[in-house]
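Peer 1: CSV, C-alpha atoms, file my_file.csv:
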```csv
chain,number,residue,atom,x,y,z
L,215,MET,CA,-29.3,5.6,19.1
L,216,LYS,CA,-26.0,7.4,18.7
L,217,LYS,CA,-26.3,10.3,16.2
L,218,THR,CA,-23.4,10.4,13.7
L,219,PRO,CA,-22.0,13.6,12.3
L,220,ASP,CA,-23.2,14.6,8.8
L,221,VAL,CA,-19.9,15.1,7.2
L,222,VAL,CA,-16.8,12.9,7.7
L,223,TYR,CA,-14.4,14.8,5.6
L,224,LYS,CA,-14.3,16.9,2.4
L,225,ILE,CA,-11.6,17.2,-0.3
L,226,PRO,CA,-11.7,20.7,-1.8
L,227,GLY,CA,-13.4,20.7,-5.1
L,228,GLU,CA,-15.1,17.4,-4.5
L,229,GLN,CA,-18.4,16.4,-2.9
L,230,PRO,CA,-18.3,15.9,0.8
L,231,VAL,CA,-18.4,12.4,2.1
L,232,VAL,CA,-21.5,12.1,4.2
L,233,ALA,CA,-21.4,9.8,7.2
L,234,ASN,CA,-24.8,8.2,7.1
L,235,THR,CA,-23.4,4.8,6.3
L,236,LEU,CA,-23.0,3.7,9.9
L,237,GLU,CA,-26.4,4.9,10.8
L,238,THR,CA,-27.9,2.8,8.0
L,239,VAL,CA,-25.9,-0.2,9.2
L,240,ARG,CA,-27.2,0.3,12.7
L,241,GLN,CA,-30.8,0.5,11.5
L,242,ASP,CA,-30.4,-2.6,9.5
L,243,LEU,CA,-28.9,-4.5,12.4
L,244,GLU,CA,-31.8,-3.6,14.6
L,245,LEU,CA,-34.1,-5.3,12.1
L,246,ILE,CA,-31.7,-8.3,11.9
L,247,PHE,CA,-31.4,-8.7,15.6
L,248,GLN,CA,-35.2,-9.0,16.0
L,249,SER,CA,-35.2,-12.3,14.2
L,250,ALA,CA,-31.6,-13.5,14.5
L,251,SER,CA,-30.2,-16.3,16.6
L,252,PRO,CA,-27.6,-15.4,19.3
L,253,ALA,CA,-24.8,-16.6,17.1
L,254,GLU,CA,-26.0,-14.7,14.1
L,255,ALA,CA,-26.5,-11.6,16.3
L,256,LEU,CA,-22.9,-11.8,17.5
L,257,ARG,CA,-21.6,-12.2,13.9
L,258,TYR,CA,-23.6,-9.1,12.8
L,259,ASP,CA,-22.4,-7.2,15.9
L,260,ASN,CA,-18.8,-7.9,15.0
L,261,THR,CA,-19.5,-6.5,11.5
L,262,ALA,CA,-21.0,-3.4,13.1
L,263,LEU,CA,-17.8,-2.9,15.2
L,264,GLN,CA,-15.6,-3.2,12.1
L,265,ASN,CA,-17.8,-0.7,10.3
L,266,GLU,CA,-17.5,1.6,13.3
L,267,ALA,CA,-13.7,1.3,13.3
L,268,ARG,CA,-13.6,2.3,9.6
L,269,PHE,CA,-15.9,5.2,10.4
L,270,ASP,CA,-13.6,6.4,13.1
L,271,VAL,CA,-10.6,6.3,10.8
L,272,GLN,CA,-12.5,8.4,8.2
L,273,LYS,CA,-13.7,10.8,10.9
L,274,ALA,CA,-10.1,11.4,12.0
L,275,LEU,CA,-9.1,12.2,8.5
L,276,ASN,CA,-9.6,15.9,8.4
L,277,THR,CA,-9.8,18.0,5.3
L,278,GLU,CA,-6.2,19.1,5.3
L,279,GLN,CA,-4.9,15.5,5.6
L,280,ALA,CA,-7.2,14.4,2.9
L,281,ARG,CA,-5.9,17.1,0.6
L,282,MET,CA,-2.3,16.2,1.3
L,283,ILE,CA,-2.9,12.5,0.7
L,284,ALA,CA,-4.7,13.3,-2.6
L,285,GLU,CA,-1.7,15.5,-3.6
L,286,ALA,CA,0.8,12.8,-2.8
L,287,ALA,CA,-1.3,10.3,-4.9
L,288,ALA,CA,-1.3,12.8,-7.8
L,289,PHE,CA,2.5,13.1,-7.7
L,290,GLY,CA,2.9,9.3,-7.8
L,291,HIS,CA,0.6,9.0,-10.8
L,292,GLY,CA,2.2,11.9,-12.5
L,293,LEU,CA,5.6,10.3,-12.2
L,294,LYS,CA,4.4,7.0,-13.4
L,295,ASP,CA,3.0,8.7,-16.5
L,296,ARG,CA,6.3,10.5,-17.1
L,297,ARG,CA,8.3,7.3,-16.8
L,298,LEU,CA,6.0,5.5,-19.2
L,299,ALA,CA,6.4,8.3,-21.7
L,300,ALA,CA,10.2,8.3,-21.4
L,301,THR,CA,10.6,4.6,-21.9
L,302,ARG,CA,8.4,4.3,-25.0
W,756,MET,CA,26.9,5.0,-7.1
W,757,ALA,CA,25.4,2.6,-9.5
W,758,GLY,CA,26.3,-0.3,-7.2
W,759,PHE,CA,24.8,1.5,-4.3
W,760,PHE,CA,21.5,1.8,-6.2
W,761,VAL,CA,21.6,-1.9,-7.1
W,762,SER,CA,21.9,-2.8,-3.4
W,763,THR,CA,19.1,-0.4,-2.5
W,764,TRP,CA,16.9,-1.8,-5.1
W,765,ARG,CA,17.5,-5.3,-4.0
W,766,LEU,CA,16.8,-4.4,-0.4
W,767,ILE,CA,13.5,-2.9,-1.3
W,768,ILE,CA,12.0,-5.1,-3.8
W,769,GLY,CA,14.4,-8.1,-3.9
W,770,ALA,CA,14.9,-7.7,-7.6
W,771,ASP,CA,18.1,-8.3,-9.6
W,772,GLN,CA,19.7,-5.6,-11.5
W,773,ASP,CA,21.6,-7.3,-14.3
W,774,GLY,CA,22.8,-5.2,-17.1
W,775,TYR,CA,22.4,-1.9,-15.3
W,776,GLY,CA,23.8,0.8,-17.5
W,777,GLY,CA,24.7,3.7,-15.2
W,778,LEU,CA,23.5,7.3,-15.4
W,779,SER,CA,24.0,8.0,-19.0
W,780,PHE,CA,20.7,7.1,-20.6
W,781,LYS,CA,20.5,5.2,-23.8
W,782,ALA,CA,18.1,6.4,-26.4
W,783,ARG,CA,15.3,4.9,-24.3
W,784,PRO,CA,16.1,4.6,-20.6
W,785,THR,CA,14.5,1.8,-18.6
W,786,GLU,CA,12.2,2.5,-15.7
W,787,ARG,CA,15.0,1.5,-13.2
W,788,GLU,CA,17.4,4.0,-14.8
W,789,LEU,CA,14.8,6.7,-14.5
W,790,ILE,CA,14.1,5.9,-10.9
W,791,GLN,CA,17.9,5.9,-10.2
W,792,ARG,CA,18.2,9.4,-11.6
W,793,GLU,CA,15.2,10.5,-9.7
W,794,SER,CA,16.6,9.0,-6.4
W,795,GLU,CA,19.8,11.1,-6.7
W,796,ILE,CA,17.7,14.2,-6.9
W,797,GLY,CA,15.6,13.0,-4.0
W,798,GLY,CA,18.6,12.4,-1.9
W,799,ARG,CA,19.6,16.0,-2.1
W,800,LEU,CA,16.2,17.4,-1.1
W,801,PHE,CA,16.9,17.4,2.6
W,802,GLY,CA,20.1,19.3,2.6
W,803,PRO,CA,23.8,18.2,2.8
W,804,VAL,CA,24.3,14.5,3.4
W,805,PRO,CA,26.6,13.8,6.3
W,806,ALA,CA,30.1,12.6,5.4
W,807,GLY,CA,30.2,8.9,4.9
W,808,HIS,CA,26.4,8.7,4.3
W,809,HIS,CA,24.5,7.7,1.2
W,810,ARG,CA,20.9,8.8,1.1
W,811,GLN,CA,18.1,8.2,-1.4
W,812,PHE,CA,14.6,9.3,-1.4
W,813,PHE,CA,12.4,8.2,-4.4
W,814,ASN,CA,9.0,7.3,-5.6
W,815,LEU,CA,8.9,3.6,-6.4
W,816,ASP,CA,5.3,3.4,-7.8
W,817,PRO,CA,2.2,5.5,-7.5
W,818,THR,CA,1.6,4.5,-3.9
W,819,THR,CA,5.1,3.9,-2.5
W,820,TRP,CA,7.9,6.3,-1.6
W,821,VAL,CA,11.2,5.1,-0.1
W,822,TRP,CA,13.8,6.7,2.1
W,823,TYR,CA,17.1,4.8,2.2
W,824,GLU,CA,20.1,5.8,4.2
W,825,GLU,CA,23.5,4.0,4.5
W,826,TRP,CA,26.5,4.8,6.6
W,827,ARG,CA,29.4,3.3,8.5
W,828,ASP,CA,29.2,3.2,12.2
W,829,GLU,CA,32.1,4.0,14.6
W,830,LYS,CA,33.4,0.5,14.2
W,831,GLY,CA,33.4,0.8,10.4
W,832,LYS,CA,30.5,-1.6,9.9
W,833,MET,CA,27.9,-0.7,7.3
W,834,GLN,CA,24.6,0.3,8.6
W,835,HIS,CA,21.4,1.1,6.7
W,836,THR,CA,17.8,1.9,7.3
W,837,THR,CA,14.9,1.8,4.9
W,838,THR,CA,11.7,3.6,5.4
W,839,ARG,CA,8.7,3.0,3.2
W,840,TYR,CA,5.8,5.4,3.0
W,841,GLU,CA,2.6,3.7,1.6
W,842,LEU,CA,-0.3,5.7,0.5
W,843,HIS,CA,-3.6,4.3,1.7
W,844,GLU,CA,-7.1,5.7,1.4
W,845,ASN,CA,-7.1,6.6,5.1
W,846,GLY,CA,-3.6,8.0,5.4
W,847,ILE,CA,0.1,7.5,4.7
W,848,LEU,CA,1.6,4.5,6.5
W,849,LYS,CA,5.2,4.7,7.7
W,850,VAL,CA,6.8,1.2,7.5
W,851,GLN,CA,10.2,0.5,9.1
W,852,GLU,CA,11.7,-2.8,10.0
W,853,GLY,CA,11.5,-3.5,13.7
W,854,VAL,CA,9.3,-0.6,14.4
W,855,PRO,CA,5.5,-0.6,14.7
W,856,TYR,CA,3.9,0.8,11.6
W,857,TYR,CA,1.8,3.9,12.0
W,858,TYR,CA,0.0,6.5,10.0
W,859,ILE,CA,1.9,9.7,10.0
W,860,GLU,CA,0.2,13.0,10.9
W,861,GLY,CA,0.9,16.6,11.9
W,862,GLN,CA,4.3,18.0,11.2
W,863,GLU,CA,5.7,14.7,10.0
W,864,LEU,CA,3.0,14.5,7.4
W,865,GLN,CA,3.5,18.1,6.3
W,866,ASN,CA,7.2,17.6,5.9
W,867,LEU,CA,6.8,14.5,3.9
W,868,ILE,CA,4.3,16.1,1.5
W,869,ALA,CA,6.6,19.1,1.1
W,870,ALA,CA,9.5,16.7,0.2
W,871,MET,CA,7.2,14.9,-2.3
W,872,ARG,CA,6.2,18.2,-3.8
W,873,LEU,CA,9.9,19.3,-4.2
W,874,TYR,CA,10.8,15.9,-5.6
W,875,TYR,CA,8.0,16.1,-8.2
W,876,GLU,CA,8.9,19.6,-9.2
W,877,GLN,CA,12.7,19.0,-9.5
W,878,VAL,CA,12.4,15.6,-11.1
W,879,SER,CA,9.8,16.9,-13.6
W,880,ARG,CA,12.3,19.6,-14.7
W,881,GLU,CA,15.6,17.9,-14.4
W,882,VAL,CA,14.8,14.3,-15.5
W,883,TYR,CA,11.8,14.7,-17.8
W,884,ARG,CA,12.2,18.3,-18.9
W,885,HIS,CA,8.6,19.1,-18.3
W,886,ASP,CA,7.0,22.0,-16.4
W,887,PRO,CA,5.6,20.5,-13.2
W,888,LEU,CA,2.7,22.9,-13.2
W,889,THR,CA,1.6,22.8,-16.8
W,890,GLY,CA,2.9,19.4,-17.7
W,891,ARG,CA,4.2,20.9,-20.9
W,892,PRO,CA,7.8,20.2,-22.2
W,893,LEU,CA,10.3,22.8,-21.2
W,894,ALA,CA,11.6,25.0,-23.9
W,895,ALA,CA,15.1,24.1,-25.1
W,896,ALA,CA,17.7,26.3,-23.5
```
With the file now loaded, output its structure as structure tokens.
Peer 2:
Amino acid sequence: MKKTPDVVYKIPGEQPVVANTLETVRQDLELIFQSASPAEALRYDNTALQNEARFDVQKALNTEQARMIAEAAAFGHGLKDRRLAATR
Amino acid sequence: MAGFFVSTWRLIIGADQDGYGGLSFKARPTERELIQRESEIGGRLFGPVPAGHHRQFFNLDPTTWVWYEEWRDEKGKMQHTTTRYELHENGILKVQEGVPYYYIEGQELQNLIAAMRLYYEQVSREVYRHDPLTGRPLAAA
């Protein structure tokens, strides 16, 4: 079974995001496949592929990118608050 | 300039702009008036605008930033381009009409974040009279 890395990404000052989700999904799928019909197995396999795609996106998101995106989000929320205060 | 903003606003969100009051704020400006003032500051962040061009860069809502540029081509026909930057959990998506969307990265991402930071700092000071670092009101001059 493919071993996944321990940490996907980490935003400074926050807890690291641990990438054990995919591994858990794979283990669950193995149990499901043992008793599933071929159609059910295919459906679950597609789910696993989607989860893997999401995982890859997260993995590609390195720490610096995550920090910049968080900063951009903070600017947007800060501006919203300023506008609300100014219009009241 | 007000008419320009109206057209930009309609292009982006399809909204009408009846009763728009220009740059001079009433006692309580509307959100649109505030965004218009912000957009004028945003348009200046990237240096001089070429002659005949109008440029706006502004924050539309917490997860959307917009770059709008309008100019006349060599035949005198108005041209414009709108770029939307959407914040998603896994990145910032660049959305342009007729171009495949993609998540920006590398230098492009760094440049955009730098522009957002400048925008936030200047807008906080010039429009809202608040210190962007502390969030406190600026002392009266």
Peer 1: I need the residue nearest Trp826 (chain W) from this list: W:Gly861, W:Gly798, W:Gly890, W:Gly807. Use only C-alpha atoms for the distance.
Peer 2: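 Looking only at the distances to Trp826 (chain W), the closest residue turns out to be W:Gly807.
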Peer 1: Compare W:Gln865, W:Ser794, W:Gln851, W:Thr837 by their minimum atom-to-atom distance to chain L, counting all atoms listed in the file, and give me the closest one.
Peer 2: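 Once distances to chain L are computed over all atoms listed in the file, the minimum belongs to W:Gln865.
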Peer 1: Could you please determine the separation between CA of Asp295 (chain L) and CA of Glu795 (chain W) in Å, to one decimal place?
Peer 2: 19.6 Å
Peer 1: Is it possible to get the residues within 12 Å of (11.0, 17.7, -20.5) (coordinates as in the file, counting only C-alpha atoms) written as number ranges by chain?
Peer 2: L: 296-297, 299-300; W: 876-887, 889-896
Peer 1: One decimal, Å: what's the distance from CA of Gly290 (chain L) over to CA of Thr277 (chain L), could you say?
Peer 2: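 Computing the Euclidean distance for CA of Gly290 (chain L) and CA of Thr277 (chain L) yields 20.2 Å.
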